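Structure data follow from input.txt (compact mmCIF, C-alpha atoms):
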# COMPACT_ATOMS: atom_id res chain seq x y z
CA MET W 278 12.79 -16.69 1.91
CA ASP W 279 9.21 -17.71 2.71
CA GLU W 280 8.12 -14.09 2.40
CA ILE W 281 9.80 -13.70 -1.00
CA VAL W 282 8.12 -16.87 -2.30
CA ALA W 283 4.76 -15.79 -0.85
CA HIS W 284 5.09 -12.38 -2.55
CA ALA W 285 5.97 -14.01 -5.88
CA ARG W 286 3.00 -16.40 -5.60
CA ARG W 287 0.64 -13.56 -4.66
CA ASP W 288 1.57 -11.41 -7.66
CA HIS W 289 1.69 -14.29 -10.16
CA PRO W 290 1.21 -14.06 -13.19
CA ASP W 291 2.88 -10.64 -12.90
CA GLU W 292 6.49 -10.43 -11.80
CA ALA W 293 7.02 -9.56 -8.13
CA CYS W 294 10.02 -7.59 -6.86
CA GLY W 295 11.56 -6.24 -3.70
CA VAL W 296 14.57 -5.88 -1.46
CA VAL W 297 15.90 -7.39 1.74
CA ALA W 298 17.94 -4.67 3.40
CA GLY W 299 20.67 -5.16 5.94
CA PRO W 300 23.34 -3.19 7.80
CA GLU W 301 26.02 -1.79 5.50
CA GLY W 302 29.04 -4.11 5.34
CA SER W 303 27.26 -6.95 7.15
CA ASP W 304 26.00 -8.93 4.12
CA ARG W 305 23.06 -9.96 6.34
CA PRO W 306 19.59 -9.67 4.74
CA GLU W 307 17.38 -8.66 7.68
CA ARG W 308 14.56 -6.31 6.68
CA PHE W 309 12.10 -7.59 4.06
CA ILE W 310 10.73 -4.79 1.86
CA PRO W 311 8.29 -5.93 -0.86
CA MET W 312 8.05 -3.36 -3.66
CA LEU W 313 5.34 -2.61 -6.15
CA ASN W 314 6.12 -3.66 -9.71
CA ALA W 315 5.37 -0.36 -11.48
CA ALA W 316 5.39 -2.21 -14.81
CA ARG W 317 2.67 -4.67 -13.62
CA SER W 318 3.86 -7.08 -16.24
CA PRO W 319 4.38 -10.83 -16.53
CA THR W 320 7.71 -10.21 -18.30
CA PHE W 321 9.15 -7.03 -16.76
CA TYR W 322 9.56 -5.42 -13.36
CA GLU W 323 10.58 -1.95 -12.34
CA PHE W 324 10.52 -0.08 -9.04
CA ASP W 325 8.53 3.15 -9.35
CA SER W 326 11.01 6.05 -9.40
CA GLY W 327 9.42 7.77 -6.38
CA ASP W 328 9.34 4.49 -4.44
CA LEU W 329 12.99 3.93 -5.38
CA LEU W 330 14.05 7.30 -3.97
CA ARG W 331 12.09 6.77 -0.73
CA LEU W 332 13.54 3.26 -0.37
CA TYR W 333 17.13 4.49 -0.69
CA ARG W 334 16.52 7.48 1.62
CA ASP W 335 15.05 5.12 4.19
CA MET W 336 17.94 2.65 3.91
CA ASP W 337 20.50 5.49 4.10
CA SER W 338 18.93 6.82 7.29
CA ARG W 339 19.27 3.35 8.84
CA ASP W 340 22.81 2.76 7.46
CA GLU W 341 21.43 -0.09 5.40
CA VAL W 342 22.12 -1.33 1.89
CA PRO W 343 20.11 -3.65 -0.39
CA VAL W 344 21.69 -7.01 0.54
CA VAL W 345 19.17 -8.95 -1.57
CA ILE W 346 17.31 -7.67 -4.63
CA TYR W 347 14.69 -10.19 -5.67
CA HIS W 348 12.21 -10.66 -8.47
CA SER W 349 10.20 -13.47 -9.99
CA HIS W 350 10.03 -14.98 -13.44
CA THR W 351 6.55 -16.31 -14.00
CA ALA W 352 6.98 -18.51 -17.08
CA THR W 353 10.73 -19.13 -17.34
CA GLU W 354 13.52 -20.47 -15.16
CA ALA W 355 15.02 -18.59 -12.21
CA TYR W 356 18.08 -17.43 -14.12
CA PRO W 357 19.00 -13.79 -14.94
CA SER W 358 17.78 -12.70 -18.37
CA ARG W 359 19.73 -10.36 -20.62
CA THR W 360 17.45 -7.57 -19.36
CA ASP W 361 18.24 -8.47 -15.76
CA ILE W 362 21.96 -8.37 -16.47
CA SER W 363 21.85 -5.07 -18.33
CA TYR W 364 19.98 -3.37 -15.47
CA ALA W 365 21.93 -4.94 -12.59
CA SER W 366 23.75 -2.09 -10.86
CA GLU W 367 24.38 -3.13 -7.28
CA PRO W 368 27.70 -5.01 -7.40
CA ASP W 369 27.47 -5.95 -3.70
CA ALA W 370 23.89 -7.29 -3.83
CA HIS W 371 22.69 -10.86 -4.07
CA TYR W 372 20.23 -11.00 -6.97
CA VAL W 373 17.60 -13.56 -5.99
CA LEU W 374 15.35 -15.01 -8.68
CA VAL W 375 12.35 -17.19 -8.05
CA SER W 376 10.31 -18.93 -10.70
CA THR W 377 6.60 -19.44 -10.25
CA ARG W 378 6.10 -21.30 -13.55
CA GLU W 379 5.36 -24.56 -11.65
CA ASP W 380 2.32 -24.47 -9.35
CA SER W 381 3.73 -26.85 -6.77
CA ASP W 382 7.43 -26.01 -6.74
CA THR W 383 9.09 -22.58 -6.57
CA GLU W 384 12.65 -22.39 -7.85
CA PHE W 385 14.75 -20.10 -5.60
CA ARG W 386 18.26 -19.17 -6.76
CA SER W 387 20.77 -16.42 -6.07
CA TYR W 388 23.40 -14.70 -8.18
CA ARG W 389 26.03 -11.99 -8.18
CA ILE W 390 25.86 -9.80 -11.26
CA VAL W 391 28.98 -7.66 -11.68
CA ASP W 392 29.96 -5.90 -14.92
CA GLY W 393 27.63 -8.13 -16.90
CA VAL W 394 29.06 -11.36 -15.46
CA VAL W 395 26.64 -13.70 -13.67
CA THR W 396 27.88 -16.00 -10.90
CA GLU W 397 25.43 -18.32 -9.18
CA GLU W 398 25.87 -18.79 -5.44
CA GLN W 399 24.59 -21.35 -2.97
CA VAL W 400 21.56 -20.41 -0.88
CA GLU W 401 21.72 -21.25 2.81
CA VAL W 402 18.56 -20.65 4.83
CA VAL W 403 18.98 -19.75 8.49
CA GLU W 404 16.32 -19.06 11.13
CA THR W 405 18.13 -16.07 12.51
CA TYR W 406 21.69 -14.98 12.03
CA MET W 407 22.25 -14.95 15.75
CA PHE W 408 21.93 -18.74 16.00
CA ALA W 409 22.86 -19.73 12.46
CA HIS W 410 25.87 -21.93 13.05
CA THR W 411 25.66 -23.38 16.55
CA GLY W 412 22.89 -25.90 15.88
CA ALA W 413 20.99 -24.66 18.96
CA ASP W 414 18.11 -22.25 19.36
CA ASP W 415 19.54 -20.59 22.44
CA VAL W 416 23.29 -20.44 21.80
CA PRO W 417 24.29 -17.43 19.73
CA ASP W 418 27.08 -17.76 17.18
CA ASN W 419 29.22 -15.32 19.06
CA ALA W 420 28.81 -16.98 22.49
CA MET Y 272 27.40 24.36 -4.76
CA ALA Y 273 24.83 21.63 -5.10
CA THR Y 274 25.34 18.35 -3.28
CA VAL Y 275 25.32 15.28 -5.48
CA SER Y 276 24.51 11.88 -3.96
CA ILE Y 277 26.48 9.14 -5.72
CA PRO Y 278 25.25 5.51 -5.95
CA THR Y 279 27.57 2.61 -5.04
CA ILE Y 280 28.22 1.64 -8.64
CA LEU Y 281 29.61 5.11 -9.53
CA ARG Y 282 31.73 5.59 -6.40
CA THR Y 283 34.75 4.22 -8.26
CA HIS Y 284 34.74 7.65 -9.94
CA THR Y 285 34.59 9.60 -6.68
CA GLY Y 286 37.21 7.74 -4.66
CA GLY Y 287 34.46 6.01 -2.69
CA GLU Y 288 32.68 9.23 -1.69
CA LYS Y 289 28.91 8.89 -1.25
CA ALA Y 290 28.27 12.61 -1.77
CA VAL Y 291 30.26 15.25 -3.63
CA GLU Y 292 29.71 18.88 -4.61
CA ALA Y 293 29.27 20.35 -8.07
CA ASN Y 294 28.35 23.67 -9.69
CA GLY Y 295 25.71 24.29 -12.32
CA GLY Y 296 22.32 25.84 -12.88
CA THR Y 297 20.88 22.79 -14.63
CA VAL Y 298 21.27 19.03 -14.31
CA ALA Y 299 23.32 18.99 -17.53
CA ALA Y 300 25.67 21.68 -16.18
CA VAL Y 301 26.04 19.88 -12.86
CA ILE Y 302 26.95 16.66 -14.68
CA ASP Y 303 29.54 18.51 -16.82
CA ASP Y 304 31.09 19.99 -13.68
CA LEU Y 305 30.96 16.61 -11.96
CA ASP Y 306 32.77 15.04 -14.91
CA SER Y 307 35.51 17.68 -14.76
CA ARG Y 308 36.18 16.68 -11.13
CA HIS Y 309 35.47 12.94 -11.43
CA SER Y 310 36.48 11.90 -14.91
CA GLY Y 311 34.29 9.40 -16.74
CA ILE Y 312 31.15 9.83 -14.68
CA LYS Y 313 29.25 11.65 -17.45
CA GLY Y 314 29.59 8.67 -19.80
CA ARG Y 315 27.89 6.49 -17.17
CA LEU Y 316 24.86 8.80 -17.15
CA ILE Y 317 24.42 10.30 -20.61
CA THR Y 318 24.80 9.05 -24.18
CA ASP Y 319 24.23 11.31 -27.20
CA GLY Y 320 22.78 14.01 -24.98
CA ALA Y 321 20.14 11.80 -23.40
CA LEU Y 322 19.90 10.36 -19.90
CA HIS Y 323 20.38 6.57 -19.83
CA ARG Y 324 17.16 4.70 -19.25
CA PHE Y 325 18.94 2.72 -16.51
CA VAL Y 326 19.54 5.88 -14.47
CA ASN Y 327 17.23 8.06 -12.40
CA ILE Y 328 18.26 11.57 -11.40
CA TYR Y 329 16.32 13.57 -8.82
CA VAL Y 330 16.63 17.24 -7.94
CA ASP Y 331 15.36 17.80 -4.41
CA ASP Y 332 13.33 14.58 -4.57
CA GLU Y 333 11.77 15.25 -7.97
CA ASP Y 334 12.57 12.86 -10.82
CA VAL Y 335 14.00 15.08 -13.57
CA ARG Y 336 12.17 13.05 -16.23
CA PHE Y 337 9.06 14.87 -15.01
CA ALA Y 338 10.76 18.22 -14.39
CA GLY Y 339 12.51 19.31 -17.58
CA GLY Y 340 14.98 16.47 -18.07
CA LEU Y 341 18.62 17.48 -18.26
CA GLU Y 342 17.55 21.14 -18.38
CA ALA Y 343 15.83 20.86 -14.99
CA PRO Y 344 16.98 23.78 -12.81
CA VAL Y 345 19.41 23.18 -9.94
CA LYS Y 346 19.93 25.64 -7.09
CA ASP Y 347 23.05 26.10 -4.99
CA THR Y 348 21.19 24.56 -2.10
CA SER Y 349 19.83 21.63 -4.11
CA THR Y 350 20.55 17.98 -3.55
CA VAL Y 351 20.93 16.01 -6.76
CA THR Y 352 20.44 12.28 -6.23
CA ILE Y 353 21.60 9.73 -8.78
CA LEU Y 354 20.10 6.25 -8.48
CA PRO Y 355 20.32 3.34 -10.90
CA ALA Y 356 16.90 1.98 -11.83
CA VAL Y 357 16.00 -1.33 -10.21
CA ALA Y 358 14.40 -3.23 -13.07
CA GLY Y 359 14.62 -6.31 -15.21
CA GLY Y 360 12.50 -9.29 -16.05
CA ALA Y 361 12.15 -12.31 -18.27
CA ARG Y 362 11.47 -10.26 -21.40

Output the file's structure as structure tokens, nothing else.
Amino acid sequence: MDEIVAHARRDHPDEACGVVAGPEGSDRPERFIPMLNAARSPTFYEFDSGDLLRLYRDMDSRDEVPVVIYHSHTATEAYPSRTDISYASEPDAHYVLVSTREDSDTEFRSYRIVDGVVTEEQVEVVETYMFAHTGADDVPDNA
Amino acid sequence: MATVSIPTILRTHTGGEKAVEANGGTVAAVIDDLDSRHSGIKGRLITDGALHRFVNIYVDDEDVRFAGGLEAPVKDTSTVTILPAVAGGAR
């Protein structure tokens, strides 16, 4: 989450975008992959088509899927636009939007976008998935 | 036959298969053959003879938009990769 916000701040006023990949079927975002916004625009983002192919080849070879697909809005709220909804094509992904319109506060929200329907979901931040729910730093969840 | 890599969102047409085979000497012919085996898939890729702007198709790692479009040649040994564009924005 910190890395996504830092990326969005760094690229402001252009939109920033990227993926957090994780093992297929796990729903665990583990590997942060910032992408270049080929549109270099304050109102649009797009992965370069060559980068997109390399990203998916790389994820396939690791049995990963894009668990989180994130991008920033730099002057509007962190809610999917009509453009976002029309392009959304990973029904299993969490679409994370951050807004960098305020200097001091970065909105961070997450959505499912399936067949044009947007559903917001709660964001829970964990240090590592291994210790997420035991309340201890040295007791794994599955202990 | 060429191997066609299918993205998650289109696997409802292929019974969940990630990769399927199809015949054809061009991208357009491969998509026609694909549609004859997996009904409805062509409509997710092409409208009025043009590739959707939401969709990228690669033949052996080359984006067909830069290689002849739907007439880009496909060999029997080719891998055709279909990937939805990842794009959006406030606009």

Skip Leu322 in chain Y itself and residues of its chain fewer than 2 positions away, then list as a PDB file with C-alpha atoms, keeping the file's coordinate frame all residues within 10 Å of it, counting all atoms listed in the file.
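Now in result.pdb:
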ATOM      1  CA  ALA Y 299      23.320  18.990 -17.530  1.00  0.00           C
ATOM      2  CA  LYS Y 313      29.250  11.650 -17.450  1.00  0.00           C
ATOM      3  CA  GLY Y 314      29.590   8.670 -19.800  1.00  0.00           C
ATOM      4  CA  ARG Y 315      27.890   6.490 -17.170  1.00  0.00           C
ATOM      5  CA  LEU Y 316      24.860   8.800 -17.150  1.00  0.00           C
ATOM      6  CA  ILE Y 317      24.420  10.300 -20.610  1.00  0.00           C
ATOM      7  CA  THR Y 318      24.800   9.050 -24.180  1.00  0.00           C
ATOM      8  CA  ASP Y 319      24.230  11.310 -27.200  1.00  0.00           C
ATOM      9  CA  GLY Y 320      22.780  14.010 -24.980  1.00  0.00           C
ATOM     10  CA  ARG Y 324      17.160   4.700 -19.250  1.00  0.00           C
ATOM     11  CA  PHE Y 325      18.940   2.720 -16.510  1.00  0.00           C
ATOM     12  CA  VAL Y 326      19.540   5.880 -14.470  1.00  0.00           C
ATOM     13  CA  ASN Y 327      17.230   8.060 -12.400  1.00  0.00           C
ATOM     14  CA  ILE Y 328      18.260  11.570 -11.400  1.00  0.00           C
ATOM     15  CA  VAL Y 335      14.000  15.080 -13.570  1.00  0.00           C
ATOM     16  CA  ARG Y 336      12.170  13.050 -16.230  1.00  0.00           C
ATOM     17  CA  GLY Y 340      14.980  16.470 -18.070  1.00  0.00           C
ATOM     18  CA  LEU Y 341      18.620  17.480 -18.260  1.00  0.00           C
TER      19      LEU Y 341
END

Item to check | Distance query Ala343 in chain Y at most 12 Å, all atoms listed in the file, self and fewer than 2 positions along chain excluded, as a PyMOL selection string | outcome: chain Y and resi 295-302+328-331+333-341+345-346+349+351

Checklist entry - Neighbours of range 371-384 of chain W within 9 Å (only C-alpha atoms; same-chain residues fewer than 2 positions away dropped), as a PyMOL selection string? => result chain W and resi 281-282+285-286+289-290+343-357+365+367-369+386-390+398

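Every protein, DNA or RNA residue with an atom at most 10 Å from range 327-330 of chain W, where only C-alpha atoms count and chain neighbours fewer than 2 positions away do not, is listed here: Met312, Leu313, Ala315, Glu323, Phe324, Asp325, Leu332, Tyr333, Arg334, Asp335 and Met336 of chain W; Asn327, Ile328, Tyr329, Asp332, Glu333, Asp334, Thr352, Ile353, Leu354, Pro355, Ala356 and Val357 of chain Y.
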
Using C-alpha atoms, can you write the selected residues to a file as a PDB file, keeping the file's coordinate frame?
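Okay, this is what ended up in selection_32.pdb:
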ATOM      1  CA  MET W 312       8.050  -3.360  -3.660  1.00  0.00           C
ATOM      2  CA  LEU W 313       5.340  -2.610  -6.150  1.00  0.00           C
ATOM      3  CA  ALA W 315       5.370  -0.360 -11.480  1.00  0.00           C
ATOM      4  CA  GLU W 323      10.580  -1.950 -12.340  1.00  0.00           C
ATOM      5  CA  PHE W 324      10.520  -0.080  -9.040  1.00  0.00           C
ATOM      6  CA  ASP W 325       8.530   3.150  -9.350  1.00  0.00           C
ATOM      7  CA  LEU W 332      13.540   3.260  -0.370  1.00  0.00           C
ATOM      8  CA  TYR W 333      17.130   4.490  -0.690  1.00  0.00           C
ATOM      9  CA  ARG W 334      16.520   7.480   1.620  1.00  0.00           C
ATOM     10  CA  ASP W 335      15.050   5.120   4.190  1.00  0.00           C
ATOM     11  CA  MET W 336      17.940   2.650   3.910  1.00  0.00           C
TER      12      MET W 336
ATOM     13  CA  ASN Y 327      17.230   8.060 -12.400  1.00  0.00           C
ATOM     14  CA  ILE Y 328      18.260  11.570 -11.400  1.00  0.00           C
ATOM     15  CA  TYR Y 329      16.320  13.570  -8.820  1.00  0.00           C
ATOM     16  CA  ASP Y 332      13.330  14.580  -4.570  1.00  0.00           C
ATOM     17  CA  GLU Y 333      11.770  15.250  -7.970  1.00  0.00           C
ATOM     18  CA  ASP Y 334      12.570  12.860 -10.820  1.00  0.00           C
ATOM     19  CA  THR Y 352      20.440  12.280  -6.230  1.00  0.00           C
ATOM     20  CA  ILE Y 353      21.600   9.730  -8.780  1.00  0.00           C
ATOM     21  CA  LEU Y 354      20.100   6.250  -8.480  1.00  0.00           C
ATOM     22  CA  PRO Y 355      20.320   3.340 -10.900  1.00  0.00           C
ATOM     23  CA  ALA Y 356      16.900   1.980 -11.830  1.00  0.00           C
ATOM     24  CA  VAL Y 357      16.000  -1.330 -10.210  1.00  0.00           C
TER      25      VAL Y 357
END

Put a box with edges along x, y and z around all the listed atoms of range 275-278 of chain Y, pad it by 3 Å on each side, then give me its centre and sizes in Å, one decimal, as JSON.
{"center_x": 25.5, "center_y": 10.4, "center_z": -5.0, "size_x": 8.0, "size_y": 15.8, "size_z": 8.0}

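Atom pair CA of Ser276 in chain Y / CA of Glu307 in chain W: separated by 24.7 Å.
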
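Taking CA of Arg308 in chain Y and CA of Thr274 in chain Y as endpoints, the distance between them is 13.5 Å.
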
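Coordinates place CA of Ala293 in chain Y at a distance of 9.3 Å from CA of Asp306 in chain Y.
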
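Using only C-alpha atoms, the smallest distance between any of W:Phe321, W:Arg331, W:Ser363, W:Met278 and chain Y comes from W:Phe321.
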
Next on the checklist: Would you mind listing, as a list in words, all residues of chain Y that have at least one atom within 7 Å of chain W, where all atoms listed in the file are what counts?
Outcome noted: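 The complete set of qualifying residues is Thr279, Ile280, Phe325, Pro355, Val357, Ala358, Gly359, Gly360, Ala361 and Arg362 of chain Y.
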
Item to check | Distance criterion (only C-alpha atoms): nearest to Gln399 in chain W out of W:Asp340, W:Val297, W:Asp279, W:Phe385 | outcome: W:Phe385
